[in-house]
Every structure is written in C-alpha cells, then in structure tokens.
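S.K.: So here's start12.txt (compact mmCIF, C-alpha atoms and all ligand atoms).
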```
# COMPACT_ATOMS: atom_id res chain seq x y z
CA MET A 1 -5.20 2.31 2.04
CA THR A 2 -8.06 0.32 0.59
CA SER A 3 -11.60 -0.29 1.49
CA MET A 4 -12.45 -3.92 2.13
CA SER A 5 -13.48 -5.88 -0.90
CA THR A 6 -13.53 -9.50 -1.98
CA PRO A 7 -10.57 -11.27 -0.38
CA TYR A 8 -8.08 -13.07 -2.52
CA HIS A 9 -7.78 -16.87 -2.59
CA PRO A 10 -4.47 -17.83 -4.13
CA SER A 11 -4.53 -20.99 -6.16
CA THR A 12 -1.09 -21.89 -4.92
CA HIS A 13 0.43 -21.36 -1.52
CA ALA A 14 4.03 -21.58 -2.58
CA ALA A 15 6.31 -22.24 0.36
CA ALA A 16 8.37 -19.17 -0.37
CA THR A 17 12.10 -19.17 0.02
CA SER A 18 13.34 -15.62 0.06
CA ALA A 19 16.37 -14.50 -1.93
CA VAL A 20 16.55 -11.58 0.52
CA PRO A 21 16.10 -13.11 3.97
CA ILE A 22 14.28 -11.01 6.51
CA THR A 23 16.52 -10.90 9.57
CA ALA A 24 15.57 -11.09 13.22
CA ASP A 25 16.58 -7.40 13.42
CA ASP A 26 14.11 -6.56 10.65
CA VAL A 27 11.33 -8.30 12.56
CA ALA A 28 12.32 -6.57 15.81
CA SER A 29 12.43 -3.19 14.05
CA TYR A 30 9.00 -3.79 12.49
CA GLU A 31 7.53 -4.67 15.87
CA GLU A 32 9.21 -1.73 17.63
CA GLU A 33 8.69 1.01 15.04
CA GLY A 34 5.58 -0.24 13.24
CA TYR A 35 7.40 -0.39 9.92
CA VAL A 36 10.59 -1.66 8.32
CA ILE A 37 12.24 -0.97 4.97
CA ILE A 38 13.79 -3.85 3.01
CA ARG A 39 16.00 -2.69 0.15
CA ARG A 40 16.10 -4.62 -3.16
CA LEU A 41 13.52 -7.19 -2.08
CA PHE A 42 12.77 -7.81 -5.74
CA ASP A 43 14.26 -7.03 -9.13
CA PRO A 44 13.57 -3.41 -10.25
CA ALA A 45 12.86 -4.80 -13.75
CA LEU A 46 9.73 -6.36 -12.25
CA ALA A 47 8.64 -2.93 -10.98
CA ALA A 48 8.94 -1.65 -14.56
CA GLU A 49 6.74 -4.50 -15.82
CA VAL A 50 4.11 -3.83 -13.16
CA ARG A 51 4.20 -0.08 -13.92
CA GLU A 52 3.66 -0.77 -17.61
CA ARG A 53 0.45 -2.65 -16.73
CA VAL A 54 -0.76 0.01 -14.28
CA ASP A 55 -0.12 2.87 -16.68
CA GLY A 56 -1.40 0.78 -19.57
CA MET A 57 -4.70 0.06 -17.86
CA LEU A 58 -5.17 3.71 -16.91
CA ALA A 59 -4.44 4.69 -20.54
CA GLY A 60 -6.65 1.95 -22.00
CA ARG A 61 -3.77 -0.03 -23.56
CA TYR A 62 -4.61 -3.12 -21.47
CA PRO A 63 -8.04 -4.40 -20.48
CA SER A 64 -9.18 -3.19 -17.07
CA GLU A 65 -12.26 -5.36 -16.61
CA GLY A 66 -12.23 -6.73 -13.08
CA PHE A 67 -10.42 -3.64 -11.75
CA LYS A 68 -11.32 -0.32 -10.21
CA CYS A 69 -9.37 1.80 -12.65
CA GLY A 70 -9.39 5.60 -12.76
CA ARG A 71 -9.93 8.27 -10.13
CA ALA A 72 -9.36 6.82 -6.66
CA SER A 73 -12.36 8.68 -5.24
CA ASP A 74 -14.88 10.70 -7.20
CA GLN A 75 -17.84 11.23 -4.89
CA ARG A 76 -18.30 14.91 -5.79
CA PRO A 77 -16.53 17.54 -7.91
CA ASP A 78 -14.62 18.71 -4.80
CA ASP A 79 -13.53 15.19 -3.76
CA PRO A 80 -9.78 15.42 -2.91
CA GLY A 81 -9.34 11.86 -4.22
CA ARG A 82 -10.10 12.94 -7.80
CA MET A 83 -6.47 13.83 -8.52
CA ILE A 84 -5.18 10.41 -7.42
CA PHE A 85 -5.47 7.59 -9.94
CA GLN A 86 -5.76 3.98 -8.95
CA VAL A 87 -5.69 0.48 -10.34
CA MET A 88 -7.15 -1.99 -7.85
CA PRO A 89 -8.44 -5.51 -8.50
CA ALA A 90 -12.14 -5.87 -7.79
CA GLU A 91 -12.19 -9.57 -8.74
CA PHE A 92 -10.02 -12.49 -7.72
CA PRO A 93 -8.04 -14.25 -9.05
CA ILE A 94 -6.61 -11.04 -10.50
CA ARG A 95 -7.28 -10.98 -14.24
CA ASP A 96 -4.11 -9.27 -15.39
CA PRO A 97 -1.29 -11.87 -15.57
CA VAL A 98 1.51 -9.49 -14.54
CA LEU A 99 -0.39 -8.12 -11.54
CA ARG A 100 -1.49 -11.64 -10.60
CA ALA A 101 2.11 -12.86 -10.67
CA PHE A 102 3.20 -9.88 -8.58
CA ALA A 103 0.50 -10.71 -6.03
CA GLU A 104 2.12 -14.12 -5.69
CA ASN A 105 5.69 -12.80 -5.55
CA ALA A 106 7.53 -15.20 -3.25
CA ASN A 107 9.90 -12.63 -1.73
CA LEU A 108 7.06 -10.32 -0.74
CA LEU A 109 4.93 -13.15 0.63
CA ASP A 110 7.83 -14.64 2.54
CA ALA A 111 8.71 -11.26 4.05
CA ALA A 112 5.09 -10.70 5.13
CA ARG A 113 4.99 -14.14 6.74
CA ARG A 114 8.23 -13.61 8.61
CA LEU A 115 7.22 -10.16 9.85
CA LEU A 116 3.88 -11.51 11.06
CA ARG A 117 5.60 -14.63 12.46
CA ARG A 118 3.10 -16.98 10.87
CA THR A 119 2.78 -19.11 7.78
CA ASP A 120 -0.98 -18.84 7.09
CA VAL A 121 -0.63 -15.35 5.63
CA ARG A 122 -1.85 -14.46 2.15
CA MET A 123 -2.36 -11.35 0.07
CA PHE A 124 -5.92 -10.04 0.10
CA GLN A 125 -5.74 -6.76 -1.82
CA GLN A 126 -3.45 -4.73 -4.01
CA GLN A 127 -3.73 -1.09 -5.07
CA ALA A 128 -1.64 1.19 -7.26
CA LEU A 129 -1.95 4.91 -6.47
CA VAL A 130 -0.60 7.29 -9.10
CA LYS A 131 0.06 10.96 -8.41
CA GLU A 132 1.05 13.24 -11.25
CA PRO A 133 3.26 16.28 -10.51
CA GLY A 134 1.66 19.56 -9.56
CA ALA A 135 -1.78 18.30 -8.59
CA ALA A 136 -3.66 18.50 -5.29
CA ASN A 137 -3.20 14.81 -4.63
CA ALA A 138 -2.41 14.35 -0.93
CA ILE A 139 -3.42 11.10 0.72
CA PRO A 140 -4.74 11.95 4.19
CA TRP A 141 -3.22 10.67 7.45
CA HIS A 142 -4.84 7.39 8.30
CA GLN A 143 -4.42 3.89 9.68
CA ASP A 144 -5.24 0.93 7.45
CA ASP A 145 -7.12 -0.75 10.28
CA HIS A 146 -9.70 2.03 10.13
CA TYR A 147 -10.77 0.31 6.90
CA TRP A 148 -9.97 -3.33 7.75
CA ARG A 149 -10.69 -3.75 11.49
CA THR A 150 -8.29 -6.67 11.68
CA GLY A 151 -7.74 -5.93 15.38
CA GLU A 152 -11.46 -6.44 16.08
CA ARG A 153 -11.44 -9.61 13.98
CA GLY A 154 -8.53 -11.03 15.96
CA SER A 155 -6.35 -11.29 12.89
CA VAL A 156 -3.01 -9.82 11.88
CA ALA A 157 -2.09 -7.88 8.76
CA VAL A 158 0.74 -5.98 7.15
CA THR A 159 0.98 -3.63 4.16
CA ALA A 160 3.87 -3.83 1.70
CA TRP A 161 4.33 -0.49 -0.10
CA THR A 162 6.73 -0.17 -2.99
CA PRO A 163 7.32 2.59 -5.55
CA LEU A 164 7.26 1.70 -9.24
CA LEU A 165 9.33 4.83 -9.94
CA PRO A 166 11.80 6.44 -7.49
CA ALA A 167 9.82 7.98 -4.64
CA THR A 168 11.08 11.06 -2.80
CA ALA A 169 9.83 13.58 -0.28
CA ALA A 170 9.42 16.03 -3.19
CA ASN A 171 7.27 13.85 -5.40
CA GLY A 172 4.67 12.87 -2.84
CA THR A 173 6.04 9.67 -1.38
CA MET A 174 4.33 8.08 1.58
CA TRP A 175 5.30 9.25 5.10
CA LEU A 176 4.97 7.22 8.28
CA LEU A 177 4.79 8.10 11.97
CA PRO A 178 7.18 5.67 13.71
CA ALA A 179 5.81 3.75 16.70
CA SER A 180 2.30 5.15 16.17
CA HIS A 181 0.99 1.57 15.99
CA ARG A 182 1.27 1.55 19.77
CA GLN A 183 -1.38 4.27 20.17
CA GLY A 184 -4.38 2.17 19.14
CA LEU A 185 -6.99 2.91 16.50
CA GLN A 186 -7.62 6.65 16.10
CA ARG A 187 -10.90 8.32 15.20
CA HIS A 188 -11.19 9.03 11.46
CA GLY A 189 -13.53 11.41 9.68
CA PRO A 190 -14.06 13.12 6.32
CA ALA A 191 -10.95 14.55 4.69
CA GLY A 192 -11.84 17.95 3.27
CA GLY A 193 -15.04 17.09 1.46
CA VAL A 194 -17.09 14.04 0.60
CA SER A 195 -14.58 11.33 -0.28
CA LEU A 196 -13.78 7.65 0.15
CA PHE A 197 -10.56 8.92 1.75
CA GLN A 198 -10.85 9.49 5.48
CA THR A 199 -8.42 11.16 7.85
CA ILE A 200 -7.44 10.98 11.50
CA VAL A 201 -9.44 13.65 13.31
CA GLU A 202 -6.95 14.63 16.05
CA PRO A 203 -3.74 16.47 15.08
CA ILE A 204 -0.74 14.18 14.62
CA ASP A 205 2.87 14.84 15.67
CA ASP A 206 4.18 15.77 12.23
CA SER A 207 7.67 16.60 13.57
CA ARG A 208 8.39 12.86 13.79
CA LEU A 209 7.11 11.84 10.35
CA VAL A 210 9.52 9.88 8.16
CA PRO A 211 9.42 10.00 4.33
CA LEU A 212 9.82 6.72 2.46
CA GLU A 213 12.56 7.58 -0.03
CA LEU A 214 12.67 4.34 -1.94
CA ASP A 215 13.72 3.01 -5.33
CA PRO A 216 11.86 0.38 -7.35
CA GLY A 217 12.59 -3.01 -5.77
CA ASP A 218 12.67 -1.52 -2.24
CA VAL A 219 9.68 -2.28 -0.02
CA SER A 220 8.38 -0.70 3.17
CA PHE A 221 6.19 -2.92 5.37
CA HIS A 222 3.87 -1.20 7.83
CA HIS A 223 1.59 -2.31 10.64
CA PRO A 224 -2.20 -1.74 10.20
CA LEU A 225 -2.17 0.78 13.07
CA THR A 226 0.84 2.77 11.83
CA ILE A 227 -0.22 6.30 10.94
CA HIS A 228 0.71 7.20 7.37
CA GLY A 229 -0.28 9.36 4.42
CA ALA A 230 1.32 11.30 1.61
CA PRO A 231 1.57 15.01 0.77
CA PRO A 232 0.83 16.20 -2.75
CA ASN A 233 3.34 15.64 -5.52
CA THR A 234 5.16 18.98 -5.72
CA GLY A 235 8.12 17.53 -7.62
CA ARG A 236 8.79 17.15 -11.34
CA LEU A 237 8.42 13.37 -11.54
CA ARG A 238 5.39 11.14 -11.35
CA ARG A 239 4.81 9.10 -8.21
CA VAL A 240 3.54 5.57 -8.74
CA GLY A 241 3.03 3.74 -5.45
CA PHE A 242 1.96 0.13 -5.22
CA ALA A 243 0.58 -1.48 -2.06
CA GLN A 244 -0.07 -5.13 -1.37
CA HIS A 245 -1.93 -6.07 1.78
CA TYR A 246 -1.44 -9.39 3.59
CA TRP A 247 -3.40 -11.00 6.39
CA ASN A 248 -4.21 -14.32 7.96
CA SER A 249 -7.99 -14.03 8.17
CA PRO A 250 -10.55 -16.27 6.59
CA PRO A 251 -12.96 -14.41 4.26
O1 LIG A 301 0.33 5.36 -1.74
C1 LIG A 301 0.16 6.07 -0.74
O2 LIG A 301 0.68 7.18 -0.62
C2 LIG A 301 -0.70 5.60 0.38
C3 LIG A 301 -0.90 4.14 0.36
C4 LIG A 301 -1.50 3.65 1.60
O3 LIG A 301 -2.16 4.35 2.31
C5 LIG A 301 -1.28 2.27 1.98
O4 LIG A 301 -0.66 1.52 1.22
O5 LIG A 301 -1.72 1.86 3.07
```
Could you quickly redo this structure as structure tokens?
Ligand SMILES: O=C(O)CCC(=O)C(=O)O
M.R.:
Amino acid sequence: MTSMSTPYHPSTHAAATSAVPITADDVASYEEEGYVIIRRLFDPALAAEVRERVDGMLAGRYPSEGFKCGRASDQRPDDPGRMIFQVMPAEFPIRDPVLRAFAENANLLDAARRLLRRTDVRMFQQQALVKEPGAANAIPWHQDDHYWRTGERGSVAVTAWTPLLPATAANGTMWLLPASHRQGLQRHGPAGGVSLFQTIVEPIDDSRLVPLELDPGDVSFHHPLTIHGAPPNTGRLRRVGFAQHYWNSPP
C-alpha cells in the first residue's frame, strides 16, 4: 500500500534473466487467484542487507534524506498508522545504494514482467512497513488500486511483497483474499480515525483469507485489485515487510 508519488525511472533496463524461472503455472495461478507465492526468489542474505538499511534509517544510523522515514501515518494522535513504521523513497533514483540495488533486482523485475506478460514493466515505488510486537499496528483491508487507479489509466501493475524477517500469522504478516481481484474496485473510507490508511467499507469474507507465511527470499506477488491487509503483530518477533510495486505506465 502506498500513495502515489514520483515514479521511478531506472537508469538501466537490464534484460533480466531469472535464476528462478516463473513457470506458466505460476502465471496461471496469479491470474486465477490474484496472487502467487514464489519461494527463494532471491538470496536471504540480501534480505538481511536490506533490513539493515531499513532499520538503520529508522534508527538514524544511515542517512534518510530523500525518504519518508518514521511513522507511516501520523495525521492525529489517534491515527492507527502511528504504530507502523515505514521507509519509503520520496526521490528517485533512490539515494540509498542497497535499496536502489534491490529496486533493480533482476529476479524480482523478471518475475513481475512474466506475471504481467509484458517487457515494458518497471518498479515505481518501494515501501518497508515495520510492525513491532504487541502494538496496535493493523494494516486495514484495501486494494492497491484504490491508491493507484491503474485500471482507470489503462495500465497494469503488480505488487511484490517480501518479509525481511520470517513472517507468520502470529506476527502480523499480510493476508490476502484469493480471487478478490475479480470483484472490481471496492469503496474505501477512513479506517478508524483520520489516517492516510483507508479501508474497504463493505464487510469482506474473512473466512477465506490466506496468511502469507514466508521466509526472507520468498516473495508474494499480488494483483492491484486483490484485497489484502494485515492484523496487528501479536507475536514475539518483529515483522518487517517490504513491498515493491511494478507497472508499465508512463509518468
Ligand atoms: O505490509 C503490509 O502488511 C501491507 C503492505 C501492502 O499493503 C502492500 O504491499 O500492498
């Protein structure tokens, strides 16, 4: 989930060759279910490097100029987004070298291109969302296209979500509603107070929700109309989620 901001223009458009090929079954599953999980799409050591930068920026160990860094939403003292911490580039090219390199990761880009069945796809935004244990840090049910409107723009998009630490149902991982991308764009409204985070207004069928129990290196790709969100972190371990968003649109 991100609001729209300056799109990213990569300096290189590497013709990616994937070490983990996306199969025709993966593409079919993505199109049918609105998401697909690819295990070990990249080296978990890379997730550790990215996490060091995210945590380091939040703690002030690395420069965070050019990023939105801190509380994900802080519109008022009762904003539910205050207990979620984010690192999100506000300028492109991304200033941090590790996050910039991750934005250009060939396996992720290649997977996004294959799932969208086109080659003119590029990353336009990335966002780390950190949820500490025991805080009221749910991310409300939403569709990314509520923020992006790619459907109205006639473009295609996909979100790659990966945990930088093991993500489980207990520690507030993301949950998805399979096949919900077929139901069109839902009405969104305020989520329990004044916040940048919005939620789907109508009740959703929570009996069919699927938790993304993933390890670093695993990636879930979801469609911009797939309903998703995340309950609070009620576990003992931190949850560090990292999303990269890809599309084919001109700025
Ligand atoms: O990190 C999360 O739990 C939510 C992220 C999200 O909404 C997204 O990547 O589209």
S.K.: I'd like the neighbourhood of Gln86 of chain A as a PDB file with C-alpha atoms, keeping the file's coordinate frame, where a residue qualifies if any of its atoms comes within 7 Å (using only C-alpha atoms), though same-chain residues fewer than 6 positions away should be ignored.
M.R.:
```
ATOM      1  CA  CYS A  69      -9.370   1.800 -12.650  1.00  0.00           C
ATOM      2  CA  GLY A  70      -9.390   5.600 -12.760  1.00  0.00           C
ATOM      3  CA  ARG A  71      -9.930   8.270 -10.130  1.00  0.00           C
ATOM      4  CA  ALA A  72      -9.360   6.820  -6.660  1.00  0.00           C
ATOM      5  CA  GLN A 127      -3.730  -1.090  -5.070  1.00  0.00           C
ATOM      6  CA  ALA A 128      -1.640   1.190  -7.260  1.00  0.00           C
ATOM      7  CA  LEU A 129      -1.950   4.910  -6.470  1.00  0.00           C
ATOM      8  CA  VAL A 130      -0.600   7.290  -9.100  1.00  0.00           C
TER       9      VAL A 130
END
```
S.K.: When you look at Gln244 of chain A with a cut-off of 6 Å (counting only C-alpha atoms), what residues show up, excluding the ones that are within fewer than 5 positions of it in the same chain? I need them as a PyMOL selection string.
M.R.: chain A and resi 125-126+159-160
S.K.: Using all atoms listed in the file, find each residue in chain A having at least one atom no more than 9 Å away from ligand LIG 301 (chain A); report its shortest atom-to-atom pair and that distance in Å (one decimal), rows by chain then rising number, as a Markdown table.
M.R.:
```
| residue | atom | partner | partner_atom | distance |
| --- | --- | --- | --- | --- |
| A:Met1 | CA | A:LIG301 | O5 | 3.7 |
| A:Thr2 | CA | A:LIG301 | O5 | 7.0 |
| A:Gln126 | CA | A:LIG301 | O4 | 8.6 |
| A:Gln127 | CA | A:LIG301 | O4 | 7.5 |
| A:Ala128 | CA | A:LIG301 | O1 | 7.2 |
| A:Leu129 | CA | A:LIG301 | O1 | 5.3 |
| A:Val130 | CA | A:LIG301 | O1 | 7.7 |
| A:Lys131 | CA | A:LIG301 | O2 | 8.7 |
| A:Ala138 | CA | A:LIG301 | O2 | 7.8 |
| A:Ile139 | CA | A:LIG301 | O2 | 5.8 |
| A:Pro140 | CA | A:LIG301 | O3 | 8.2 |
| A:Trp141 | CA | A:LIG301 | O3 | 8.2 |
| A:His142 | CA | A:LIG301 | O3 | 7.2 |
| A:Gln143 | CA | A:LIG301 | O5 | 7.4 |
| A:Asp144 | CA | A:LIG301 | O5 | 5.7 |
| A:Thr159 | CA | A:LIG301 | O4 | 6.2 |
| A:Ala160 | CA | A:LIG301 | O4 | 7.0 |
| A:Trp161 | CA | A:LIG301 | O4 | 5.5 |
| A:Thr162 | CA | A:LIG301 | O1 | 8.6 |
| A:Pro163 | CA | A:LIG301 | O1 | 8.4 |
| A:Gly172 | CA | A:LIG301 | O2 | 7.3 |
| A:Thr173 | CA | A:LIG301 | O2 | 6.0 |
| A:Met174 | CA | A:LIG301 | O2 | 4.4 |
| A:Trp175 | CA | A:LIG301 | O2 | 7.6 |
| A:His222 | CA | A:LIG301 | O5 | 8.0 |
| A:Pro224 | CA | A:LIG301 | O5 | 8.0 |
| A:His228 | CA | A:LIG301 | O3 | 6.5 |
| A:Gly229 | CA | A:LIG301 | C2 | 5.5 |
| A:Ala230 | CA | A:LIG301 | O2 | 4.7 |
| A:Pro231 | CA | A:LIG301 | O2 | 8.0 |
| A:Arg239 | CA | A:LIG301 | O1 | 8.7 |
| A:Val240 | CA | A:LIG301 | O1 | 7.7 |
| A:Gly241 | CA | A:LIG301 | O1 | 4.9 |
| A:Phe242 | CA | A:LIG301 | O1 | 6.5 |
| A:Ala243 | CA | A:LIG301 | O4 | 4.6 |
| A:Gln244 | CA | A:LIG301 | O4 | 7.2 |
| A:His245 | CA | A:LIG301 | O4 | 7.7 |
```
S.K.: Could you state the separation of atom CA of Pro216 of chain A and atom CA of Ser180 of chain A in Å, given to one decimal place?
M.R.: 25.8 Å
S.K.: Find the distance between atom CA of Phe124 of chain A and atom CA of Asp96 of chain A and write it in Å to one decimal.
M.R.: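 Result for atom CA of Phe124 of chain A versus atom CA of Asp96 of chain A: 15.6 Å, one decimal.
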